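Printed here is model06.tsv (TSV, C-alpha atoms and all ligand atoms):
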```tsv
chain	number	residue	atom	x	y	z
A	25	MET	CA	1.87	6.96	28.67
A	26	ASN	CA	4.99	7.18	26.58
A	27	ARG	CA	5.48	5.38	23.26
A	28	LEU	CA	7.33	2.42	24.75
A	29	GLU	CA	4.58	1.85	27.33
A	30	ALA	CA	1.95	2.06	24.59
A	31	LEU	CA	3.84	-0.47	22.46
A	32	GLU	CA	4.24	-2.84	25.42
A	33	ARG	CA	0.50	-2.68	25.98
A	34	ILE	CA	-0.26	-3.19	22.31
A	35	GLU	CA	2.04	-6.23	22.12
A	36	SER	CA	0.53	-7.76	25.27
A	37	VAL	CA	-3.02	-7.76	23.87
A	38	THR	CA	-2.29	-8.49	20.19
A	39	ARG	CA	-0.34	-11.75	20.39
A	40	GLU	CA	-2.70	-13.35	17.86
A	41	TRP	CA	-2.69	-10.38	15.49
A	42	ALA	CA	-0.49	-9.44	12.58
A	43	LEU	CA	0.90	-5.93	13.18
A	44	VAL	CA	2.18	-3.44	10.62
A	45	VAL	CA	4.35	-0.93	12.48
A	46	THR	CA	5.29	2.55	11.32
A	47	CYS	CA	8.82	3.77	10.66
A	48	GLY	CA	11.42	5.57	12.70
A	49	ALA	CA	11.68	5.26	16.45
A	50	THR	CA	8.33	3.42	16.66
A	51	ALA	CA	9.68	0.45	14.68
A	52	ARG	CA	12.89	0.43	16.76
A	53	GLU	CA	11.06	0.63	20.09
A	54	MET	CA	8.65	-2.11	19.05
A	55	ALA	CA	11.64	-4.32	18.20
A	56	THR	CA	12.91	-3.90	21.76
A	57	VAL	CA	9.48	-4.95	23.07
A	58	SER	CA	9.22	-7.97	20.77
A	59	ARG	CA	10.87	-9.37	17.68
A	60	SER	CA	7.79	-11.30	16.70
A	61	GLU	CA	7.54	-12.60	13.14
A	62	ARG	CA	3.94	-11.35	13.26
A	63	HIS	CA	5.29	-7.80	13.18
A	64	LEU	CA	6.10	-6.03	9.95
A	65	PRO	CA	8.08	-2.87	10.73
A	66	LEU	CA	8.12	-0.46	7.79
A	67	LEU	CA	11.57	0.92	8.40
A	68	ASP	CA	11.35	3.98	6.19
A	69	SER	CA	7.96	3.97	4.46
A	70	MET	CA	6.44	6.92	6.25
A	71	GLY	CA	2.79	7.43	5.31
A	72	LEU	CA	2.33	3.87	4.07
A	73	THR	CA	1.48	1.98	7.27
A	74	CYS	CA	-2.31	2.04	6.95
A	75	ALA	CA	-2.17	1.18	3.24
A	76	VAL	CA	0.00	-1.89	3.84
A	77	GLY	CA	-2.17	-2.91	6.81
A	78	LEU	CA	-5.28	-2.58	4.66
A	79	GLY	CA	-3.80	-4.79	1.95
A	80	VAL	CA	-2.75	-7.44	4.46
A	81	ALA	CA	-6.21	-7.35	6.09
A	82	LEU	CA	-7.92	-7.79	2.73
A	83	GLY	CA	-5.79	-10.87	2.07
A	84	THR	CA	-5.95	-12.72	5.37
A	85	THR	CA	-8.52	-13.92	7.87
A	86	SER	CA	-6.17	-13.09	10.77
A	87	HIS	CA	-6.83	-9.93	12.75
A	88	VAL	CA	-4.50	-7.18	11.53
A	89	GLY	CA	-3.38	-4.13	13.48
A	90	VAL	CA	-1.70	-1.01	12.20
A	91	VAL	CA	0.48	1.00	14.55
A	92	ASP	CA	0.88	4.41	12.96
A	93	GLY	CA	2.11	7.82	14.08
A	94	ASP	CA	0.23	11.09	13.74
A	95	GLY	CA	2.82	12.43	11.29
A	96	SER	CA	2.76	9.29	9.18
A	97	LEU	CA	-1.05	9.23	9.12
A	98	LEU	CA	-1.09	12.88	8.04
A	99	MET	CA	1.42	12.13	5.27
A	100	GLY	CA	-0.71	9.31	3.87
A	101	PHE	CA	-4.03	10.89	4.79
A	102	SER	CA	-5.72	9.83	1.55
A	103	ILE	CA	-5.82	6.29	2.95
A	104	LEU	CA	-8.59	7.30	5.38
A	105	PRO	CA	-11.33	7.53	2.73
A	106	THR	CA	-10.01	4.30	1.24
A	107	LEU	CA	-10.25	2.61	4.64
A	108	ALA	CA	-13.72	4.09	5.10
A	109	THR	CA	-14.93	2.67	1.81
A	110	THR	CA	-13.33	-0.78	2.16
A	111	ARG	CA	-13.82	-1.34	5.92
A	112	PRO	CA	-12.27	-4.74	6.50
A	113	ALA	CA	-13.73	-6.05	9.76
A	114	ASN	CA	-10.42	-7.72	10.67
A	115	LEU	CA	-8.45	-4.45	10.78
A	116	THR	CA	-7.76	-2.10	13.68
A	117	VAL	CA	-5.76	1.10	13.29
A	118	VAL	CA	-3.91	2.49	16.29
A	119	VAL	CA	-2.52	5.99	15.93
A	120	LEU	CA	0.10	6.92	18.50
A	121	ASP	CA	-0.50	10.66	18.65
A	122	ASN	CA	2.32	12.61	20.24
A	123	GLN	CA	1.49	15.69	18.15
A	124	GLN	CA	5.00	15.72	16.80
A	125	HIS	CA	7.49	14.00	14.52
A	126	ALA	CA	9.40	12.53	17.41
A	127	SER	CA	11.55	10.53	15.01
A	128	ALA	CA	12.43	13.71	13.12
A	129	ASP	CA	14.03	15.71	15.89
A	130	GLY	CA	10.71	16.26	17.66
A	131	MET	CA	9.44	18.74	15.10
A	132	ALA	CA	5.75	19.56	15.59
A	133	SER	CA	3.12	17.85	13.47
A	134	GLN	CA	-0.13	19.48	12.44
A	135	ALA	CA	-1.88	17.20	14.94
A	136	ALA	CA	-0.79	19.78	17.52
A	137	GLN	CA	-3.23	22.24	15.95
A	138	LEU	CA	-6.11	20.02	14.99
A	139	ASP	CA	-8.01	17.11	16.41
A	140	LEU	CA	-7.22	13.89	14.55
A	141	ALA	CA	-10.04	12.06	16.37
A	142	VAL	CA	-12.59	14.50	14.96
A	143	ALA	CA	-11.06	14.27	11.49
A	144	CYS	CA	-11.17	10.45	11.58
A	145	ALA	CA	-14.70	10.39	12.95
A	146	GLY	CA	-15.63	12.59	10.00
A	147	PHE	CA	-14.97	9.61	7.74
A	148	GLY	CA	-17.47	7.60	9.73
A	149	PHE	CA	-15.06	5.45	11.74
A	150	ALA	CA	-15.73	4.36	15.27
A	151	VAL	CA	-12.90	6.10	17.13
A	152	ASP	CA	-11.71	5.30	20.65
A	153	GLU	CA	-9.61	7.99	22.28
A	154	VAL	CA	-7.34	6.71	25.02
A	155	ALA	CA	-4.56	8.22	27.11
A	156	ASP	CA	-3.36	5.39	29.36
A	157	GLY	CA	-2.32	1.76	29.06
A	158	PRO	CA	-5.40	0.05	30.54
A	159	ALA	CA	-7.73	2.10	28.32
A	160	LEU	CA	-5.60	1.28	25.28
A	161	GLY	CA	-5.76	-2.43	26.12
A	162	ARG	CA	-9.54	-2.31	26.54
A	163	ALA	CA	-9.96	-0.44	23.24
A	164	LEU	CA	-7.95	-3.12	21.41
A	165	GLU	CA	-9.97	-5.94	22.94
A	166	ARG	CA	-13.18	-4.13	22.00
A	167	ALA	CA	-11.89	-3.70	18.46
A	168	VAL	CA	-11.63	-7.46	17.93
A	169	GLU	CA	-15.01	-8.17	19.51
A	170	ALA	CA	-16.71	-5.43	17.49
A	171	ARG	CA	-15.93	-7.15	14.17
A	172	GLU	CA	-15.75	-3.81	12.43
A	173	LEU	CA	-12.93	-1.51	11.44
A	174	ARG	CA	-12.13	0.70	14.44
A	175	LEU	CA	-9.57	3.40	15.04
A	176	VAL	CA	-7.83	3.86	18.35
A	177	LEU	CA	-6.28	7.26	18.90
A	178	ALA	CA	-3.79	6.94	21.72
A	179	ARG	CA	-2.47	10.19	23.14
A	180	ILE	CA	1.14	9.62	24.10
A	181	GLU	CA	3.92	11.73	25.53
A	182	PRO	CA	6.35	13.38	23.14
A	183	GLY	CA	9.86	12.06	22.60
A	184	ASN	CA	11.62	8.76	22.07
A	185	ALA	CA	12.92	6.16	24.53
A	186	GLU	CA	16.63	6.50	25.32
A	187	GLY	CA	19.23	4.01	24.22
A	188	VAL	CA	17.14	2.06	21.71
A	189	PRO	CA	19.36	0.48	19.07
A	190	LEU	CA	18.89	0.89	15.33
A	191	LEU	CA	16.88	-1.84	13.62
A	192	LEU	CA	19.19	-3.05	10.90
A	193	GLU	CA	17.56	-6.29	9.83
A	194	ASP	CA	17.21	-7.05	6.16
A	195	PRO	CA	13.70	-5.84	5.16
A	196	ALA	CA	13.37	-8.79	2.79
A	197	VAL	CA	13.87	-11.18	5.71
A	198	LEU	CA	11.32	-9.28	7.82
A	199	ALA	CA	8.81	-9.49	4.97
A	200	SER	CA	9.27	-13.19	4.27
A	201	ARG	CA	9.01	-14.08	7.97
A	202	PHE	CA	5.87	-11.98	8.24
A	203	ALA	CA	4.32	-13.61	5.15
A	204	ALA	CA	5.09	-17.07	6.52
A	205	ALA	CA	3.54	-16.17	9.90
A	206	LEU	CA	0.38	-15.06	8.09
A	207	GLU	CA	0.19	-18.37	6.25
A	208	ALA	CA	0.44	-20.39	9.42
A	209	PRO	CA	-2.96	-20.80	11.06
A	210	SER	CA	-2.76	-19.27	14.54
B	9	MET	CA	-20.27	6.89	-22.41
B	10	PRO	CA	-17.55	4.58	-21.06
B	11	LYS	CA	-14.56	4.26	-23.33
B	12	THR	CA	-14.84	1.10	-25.41
B	13	SER	CA	-12.23	-1.58	-25.14
B	14	ASN	CA	-10.33	-3.07	-28.05
B	15	SER	CA	-8.32	-6.21	-28.72
B	16	TYR	CA	-5.12	-4.69	-27.27
B	17	LEU	CA	-6.73	-3.55	-24.03
B	18	ARG	CA	-8.54	-6.87	-23.68
B	19	ALA	CA	-5.17	-8.55	-24.14
B	20	VAL	CA	-3.80	-6.65	-21.11
B	21	ALA	CA	-6.72	-7.90	-18.99
B	22	ASP	CA	-6.28	-11.38	-20.48
B	23	GLY	CA	-2.59	-11.32	-19.56
B	24	LEU	CA	-3.37	-10.47	-15.93
B	25	CYS	CA	-5.99	-13.22	-15.86
B	26	ASP	CA	-3.51	-15.71	-17.35
B	27	TRP	CA	-1.24	-14.86	-14.42
B	28	GLY	CA	-4.18	-15.66	-12.13
B	29	VAL	CA	-4.94	-12.15	-10.86
B	30	GLU	CA	-7.31	-12.32	-7.88
B	31	ALA	CA	-7.42	-8.64	-6.97
B	32	PHE	CA	-6.16	-5.33	-8.28
B	33	VAL	CA	-5.78	-1.86	-6.87
B	34	TYR	CA	-6.30	0.97	-9.30
B	35	VAL	CA	-6.16	4.70	-9.68
B	36	PRO	CA	-8.58	5.78	-12.40
B	37	SER	CA	-7.36	6.89	-15.83
B	38	SER	CA	-9.49	7.10	-18.95
B	39	HIS	CA	-7.07	4.99	-20.99
B	40	ALA	CA	-6.74	2.28	-18.34
B	41	ALA	CA	-10.51	2.40	-17.68
B	42	PRO	CA	-11.39	-0.30	-20.25
B	43	VAL	CA	-8.86	-2.65	-18.60
B	44	ILE	CA	-10.19	-1.81	-15.13
B	45	ARG	CA	-13.84	-2.32	-16.16
B	46	ASP	CA	-12.95	-5.51	-18.00
B	47	LEU	CA	-11.24	-7.02	-14.95
B	48	GLU	CA	-14.16	-6.01	-12.73
B	49	ALA	CA	-16.60	-7.57	-15.18
B	50	ARG	CA	-14.61	-10.80	-14.99
B	51	GLY	CA	-15.13	-10.84	-11.24
B	52	VAL	CA	-11.63	-9.80	-10.17
B	53	ARG	CA	-11.75	-7.92	-6.88
B	54	ALA	CA	-11.11	-4.21	-7.44
B	55	VAL	CA	-9.92	-1.70	-4.83
B	56	LEU	CA	-10.00	2.01	-5.67
B	57	ALA	CA	-7.06	4.01	-4.28
B	58	ASN	CA	-6.75	7.79	-4.22
B	59	ARG	CA	-3.01	7.94	-4.80
B	60	GLU	CA	-0.52	5.64	-6.44
B	61	GLU	CA	1.65	5.16	-3.34
B	62	GLU	CA	-1.48	4.07	-1.53
B	63	ALA	CA	-2.01	1.50	-4.28
B	64	VAL	CA	1.56	0.26	-3.79
B	65	GLY	CA	0.94	-0.17	-0.05
B	66	ILE	CA	-2.41	-1.91	-0.45
B	67	ALA	CA	-1.47	-4.22	-3.32
B	68	GLY	CA	1.93	-4.93	-1.72
B	69	GLY	CA	0.21	-5.83	1.55
B	70	MET	CA	-2.09	-8.18	-0.34
B	71	ARG	CA	0.93	-9.82	-2.00
B	72	LEU	CA	2.48	-10.47	1.44
B	73	ALA	CA	-0.79	-12.12	2.43
B	74	GLY	CA	-0.48	-14.43	-0.58
B	75	VAL	CA	-3.06	-12.79	-2.85
B	76	ARG	CA	-2.32	-12.52	-6.58
B	77	ALA	CA	-2.72	-8.74	-6.60
B	78	ALA	CA	-1.60	-6.17	-9.17
B	79	ILE	CA	-1.85	-2.42	-9.74
B	80	VAL	CA	-3.53	-0.80	-12.74
B	81	MET	CA	-2.73	2.92	-13.13
B	82	GLN	CA	-1.45	5.62	-15.49
B	83	ASP	CA	2.27	6.30	-15.84
B	84	ASN	CA	2.11	9.93	-14.65
B	85	GLY	CA	1.38	8.52	-11.19
B	86	PHE	CA	4.80	6.92	-10.82
B	87	GLY	CA	6.13	10.18	-9.38
B	88	ASN	CA	3.71	9.70	-6.49
B	89	ALA	CA	4.62	6.05	-6.14
B	90	LEU	CA	8.44	6.11	-6.27
B	91	THR	CA	9.22	6.32	-2.55
B	92	ALA	CA	6.73	3.56	-1.76
B	93	LEU	CA	8.04	1.39	-4.59
B	94	GLY	CA	11.60	1.86	-3.37
B	95	THR	CA	11.30	1.70	0.42
B	96	PHE	CA	8.60	-0.96	0.44
B	97	THR	CA	8.35	-3.22	-2.61
B	98	VAL	CA	12.00	-3.11	-3.70
B	99	ALA	CA	13.51	-3.20	-0.19
B	100	TYR	CA	11.07	-5.81	1.16
B	101	HIS	CA	11.18	-7.97	-2.01
B	102	VAL	CA	7.48	-7.75	-2.75
B	103	GLY	CA	6.65	-9.39	-6.09
B	104	LEU	CA	4.17	-6.82	-7.31
B	105	PRO	CA	3.09	-6.49	-10.95
B	106	VAL	CA	2.18	-2.95	-12.01
B	107	VAL	CA	0.41	-2.34	-15.31
B	108	ALA	CA	0.16	1.26	-16.49
B	109	ASN	CA	-0.98	3.06	-19.61
B	110	SER	CA	1.71	5.39	-20.89
B	111	ARG	CA	1.22	8.98	-21.95
B	112	GLY	CA	3.05	11.65	-23.87
B	113	GLY	CA	3.68	9.76	-27.13
B	114	VAL	CA	1.99	10.10	-30.50
B	115	GLY	CA	-1.70	10.69	-30.08
B	116	GLU	CA	-1.18	12.72	-26.90
B	117	TYR	CA	-3.55	15.67	-26.50
B	118	ASN	CA	-2.24	17.25	-23.27
B	119	SER	CA	0.64	19.71	-23.36
B	120	MET	CA	2.24	18.95	-19.99
B	121	ILE	CA	2.12	15.25	-19.35
B	122	GLN	CA	5.16	14.22	-21.40
B	123	ALA	CA	7.29	16.09	-18.84
B	124	ILE	CA	6.71	13.27	-16.35
B	125	SER	CA	5.63	10.36	-18.55
B	126	GLY	CA	8.68	10.63	-20.80
B	127	ALA	CA	10.96	10.17	-17.79
B	128	VAL	CA	9.11	7.25	-16.23
B	129	PRO	CA	11.07	4.34	-17.76
B	130	ARG	CA	14.36	5.93	-16.67
B	131	LEU	CA	13.03	6.77	-13.21
B	132	LEU	CA	11.95	3.18	-12.68
B	133	GLU	CA	15.18	1.80	-14.09
B	134	ALA	CA	17.11	4.04	-11.68
B	135	LEU	CA	15.30	2.21	-8.88
B	136	GLY	CA	16.21	-1.13	-10.43
B	137	ILE	CA	12.61	-1.86	-11.41
B	138	PRO	CA	12.31	-3.73	-14.73
B	139	VAL	CA	10.05	-2.08	-17.29
B	140	HIS	CA	8.41	-3.80	-20.26
B	141	GLU	CA	6.89	-1.51	-22.87
B	142	LEU	CA	4.05	-2.49	-25.19
B	143	SER	CA	3.51	-0.42	-28.30
B	144	ARG	CA	2.12	-0.57	-31.85
B	145	ARG	CA	5.24	-2.56	-32.75
B	146	ASP	CA	4.07	-5.48	-30.63
B	147	PRO	CA	1.45	-7.82	-32.02
B	148	VAL	CA	-1.72	-8.07	-29.97
B	149	GLU	CA	-0.80	-11.60	-28.83
B	150	SER	CA	2.35	-10.29	-27.21
B	151	TRP	CA	0.38	-7.62	-25.33
B	152	ARG	CA	-1.23	-10.57	-23.61
B	153	SER	CA	1.79	-12.82	-23.20
B	154	THR	CA	4.12	-9.99	-22.08
B	155	THR	CA	1.63	-8.72	-19.47
B	156	SER	CA	1.29	-12.22	-18.08
B	157	ALA	CA	5.01	-13.04	-18.26
B	158	ALA	CA	5.98	-9.74	-16.58
B	159	ALA	CA	3.58	-10.50	-13.72
B	160	GLU	CA	5.11	-13.95	-13.46
B	161	LEU	CA	8.59	-12.41	-13.36
B	162	ALA	CA	7.50	-10.18	-10.48
B	163	THR	CA	6.27	-13.28	-8.69
B	164	ILE	CA	9.35	-15.43	-9.12
B	165	GLN	CA	11.85	-12.61	-8.61
B	166	HIS	CA	9.99	-11.18	-5.58
B	167	ARG	CA	10.31	-7.68	-6.98
B	168	PRO	CA	8.02	-5.11	-8.54
B	169	VAL	CA	7.86	-5.31	-12.36
B	170	VAL	CA	6.19	-2.64	-14.49
B	171	THR	CA	4.44	-3.12	-17.83
B	172	LEU	CA	3.72	0.09	-19.75
B	173	PHE	CA	1.19	-0.02	-22.58
B	174	ASP	CA	0.69	2.76	-25.08
B	175	ALA	CA	-3.06	2.89	-25.59
B	176	LEU	CA	-2.97	6.43	-26.97
B	177	ASP	CA	-1.06	5.73	-30.16
B	178	PRO	CA	-3.64	6.06	-32.98
B	179	ALA	CA	-2.58	2.65	-34.26
B	180	ILE	CA	-3.74	1.18	-30.93
B	181	ALA	CA	-6.54	3.62	-30.03
B	182	GLY	CA	-8.14	3.05	-33.42
B	183	ALA	CA	-7.90	-0.74	-33.28
B	184	ARG	CA	-10.93	-2.93	-32.81
C	301	LIG	C1	8.89	10.07	2.85
C	301	LIG	C2	9.57	10.37	4.13
C	301	LIG	N1	9.76	11.64	4.51
C	301	LIG	C3	10.38	11.93	5.69
C	301	LIG	C4	10.83	10.91	6.47
C	301	LIG	C5	11.59	11.22	7.77
C	301	LIG	N2	10.87	10.77	8.95
C	301	LIG	C6	11.11	9.57	9.52
C	301	LIG	S1	10.14	9.27	10.83
C	301	LIG	C7	9.43	10.80	10.70
C	301	LIG	C8	8.42	11.29	11.69
C	301	LIG	C9	7.26	10.38	11.88
C	301	LIG	O1	6.33	11.04	12.71
C	301	LIG	P1	5.15	10.28	13.38
C	301	LIG	O2	4.49	9.40	12.40
C	301	LIG	O3	4.28	11.26	14.06
C	301	LIG	O4	5.87	9.32	14.41
C	301	LIG	P2	6.70	9.70	15.73
C	301	LIG	O5	8.13	9.60	15.37
C	301	LIG	O6	6.29	11.05	16.21
C	301	LIG	O7	6.29	8.66	16.71
C	301	LIG	C10	9.94	11.50	9.62
C	301	LIG	C11	9.52	12.86	9.22
C	301	LIG	C12	10.63	9.58	6.02
C	301	LIG	N3	11.02	8.51	6.71
C	301	LIG	N4	10.00	9.35	4.85
```

Output the file's structure in the form of structure tokens.
Ligand SMILES: Cc1ncc(C[n+]2csc(CCOP(=O)(O)OP(=O)(O)O)c2C)c(N)n1
Amino acid sequence: MNRLEALERIESVTREWALVVTCGATAREMATVSRSERHLPLLDSMGLTCAVGLGVALGTTSHVGVVDGDGSLLMGFSILPTLATTRPANLTVVVLDNQQHASADGMASQAAQLDLAVACAGFGFAVDEVADGPALGRALERAVEARELRLVLARIEPGNAEGVPLLLEDPAVLASRFAAALEAPS
Amino acid sequence: MPKTSNSYLRAVADGLCDWGVEAFVYVPSSHAAPVIRDLEARGVRAVLANREEEAVGIAGGMRLAGVRAAIVMQDNGFGNALTALGTFTVAYHVGLPVVANSRGGVGEYNSMIQAISGAVPRLLEALGIPVHELSRRDPVESWRSTTSAAAELATIQHRPVVTLFDALDPAIAGAR
């Protein structure tokens, strides 16, 4: 499964969710899959995806998903204990683990040398490890039914999709559309 | 023994309550602790963050969800928070009030902290983030009204706004 396939799968099973999407190529590829107002792409805030998703989840009754990268999660790693001690039941964290900073010239991340699933499980999270689209879809469905904070670690291929345009929308517009979509009962 | 509050620190908590604070995200500091404990005692939802940029993400996310959320922290943590403040709250127009105790002035007892705290107002201004400073020169009533009005400014301008309060100055630290 490459990143684009993972994002297509995520979008297809999270149409009722609010999604906070990590920066770089992930945000751009997600925008080619869907330009939903329920998506909040963080265009440059590497390391902040889980924190923003946590805040949104604490403030809404909607189900909230975070789509993070291994590099971004490692940058903001201190959010894991915060997630573990707040545990909103309406939050699911998906980490797209390609063991590299694909958006930064494919430079390796430390996830290549350690097991993020084990590290996350160490904080007491229920972690689903998946490596293909159907398993990813099932893990997301299970996450909603479980009514507890779950982490889905999706192993994806390295690299970025070809020919994906830059995402040059005004962040303020993205944020206000997202906030309005949260207000509207789904 | 927990640090005791005084009229100035209560005024900061009062100001946030006047704004209608429903939740706050904090990073512990001994001089903000009375404000943090006071808000918790008043039933305001508290979320403990490990780093200040985390607090920006969490409280900013809550603001997008319509919660009246603020940050309570110490000013030496703004170095950690700058990228998050810039790329998230400034760029995405998130109206986030941040209240922080300031360090490095008279009454300071640490040798190193002025090196970051002294630069904080200029660092924030360089990002276009308004800063309101509360000191011994401000009457206790304006500690309350400024904290509340700064939070209201953040709300109506859809931007982060920082209020710095100098709790270390002996004129404030020794107050009742
Ligand atoms: C604070 C900060 N430092 C560096 C960058 C540059 N940068 C943008 S995306 C990225 C890599 C993200 O890696 P990962 O989260 O693993 O996602 P991937 O691109 O591999 O899917 C980097 C280093 C940034 N955006 N922000």

Could you write out as JSON, numbers by chain the residues of chain B within 12 Å of chain A, counting all atoms listed in the file? {"B": [30, 31, 32, 33, 34, 35, 53, 54, 55, 56, 57, 58, 59, 60, 61, 62, 63, 64, 65, 66, 67, 68, 69, 70, 71, 72, 73, 74, 75, 76, 77, 78, 88, 89, 90, 91, 92, 93, 94, 95, 96, 97, 98, 99, 100, 101, 102, 103, 166, 167]}

Grab the atom CA of Glu53 of chain A to atom C10 of ligand LIG 301 (chain C) distance for me, in Å with one decimal place.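 Going from atom CA of Glu53 of chain A over to atom C10 of ligand LIG 301 (chain C) covers 15.1 Å.
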
For a test of reading the model, state the distance in Å between atom CA of Arg152 of chain B and atom CA of Ala123 of chain B, rounded to one decimal.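 Taking atom CA of Arg152 of chain B and atom CA of Ala123 of chain B, their separation equals 28.4 Å.
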
Expected selection as a ChimeraX atom specification for ligand LIG 301 (chain C) within 8 Å, all atoms listed in the file: /A:27,46-50,67-71,92-98,120-128,130,133,182-184 /B:91

To one decimal in Å, tell me the separation between atom CA of Met54 of chain A and atom CA of Val142 of chain A.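 Distance between the two atoms: 27.3 Å.
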
Taking 2 positions as the minimum chain separation for residues in the same chain, which residues sit within 9 Å of Leu160 of chain A when counting only C-alpha atoms? Answer as a list in words.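 Listed by chain and then number, they are Ala30, Arg33, Ile34, Asp152, Glu153, Val154, Ala155, Asp156, Gly157, Pro158, Arg162, Ala163, Leu164, Glu165, Val176, Leu177 and Ala178 of chain A.
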
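Using only C-alpha atoms, the smallest distance between any of A:Arg52, A:Arg179, A:Arg166, A:His63 and Ala136 of chain A comes from A:Arg179.
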
Neighbours of Leu131 of chain B within 9 Å (all atoms listed in the file; same-chain residues fewer than 5 positions away dropped), as a ChimeraX atom specification? /B:86-87,90,136-137

Output file for the selection above: C-alpha atoms, as a PDB file, in the coordinates of the input:
```
ATOM      1  CA  PHE B  86       4.800   6.920 -10.820  1.00  0.00           C
ATOM      2  CA  GLY B  87       6.130  10.180  -9.380  1.00  0.00           C
ATOM      3  CA  LEU B  90       8.440   6.110  -6.270  1.00  0.00           C
ATOM      4  CA  GLY B 136      16.210  -1.130 -10.430  1.00  0.00           C
ATOM      5  CA  ILE B 137      12.610  -1.860 -11.410  1.00  0.00           C
TER       6      ILE B 137
END
```

Counting all atoms listed in the file, what is within 12 Å of Arg50 of chain B, bar same-chain residues fewer than 3 positions away, as a PyMOL selection string? chain B and resi 18+21-22+24-25+28-31+43-47+53-54
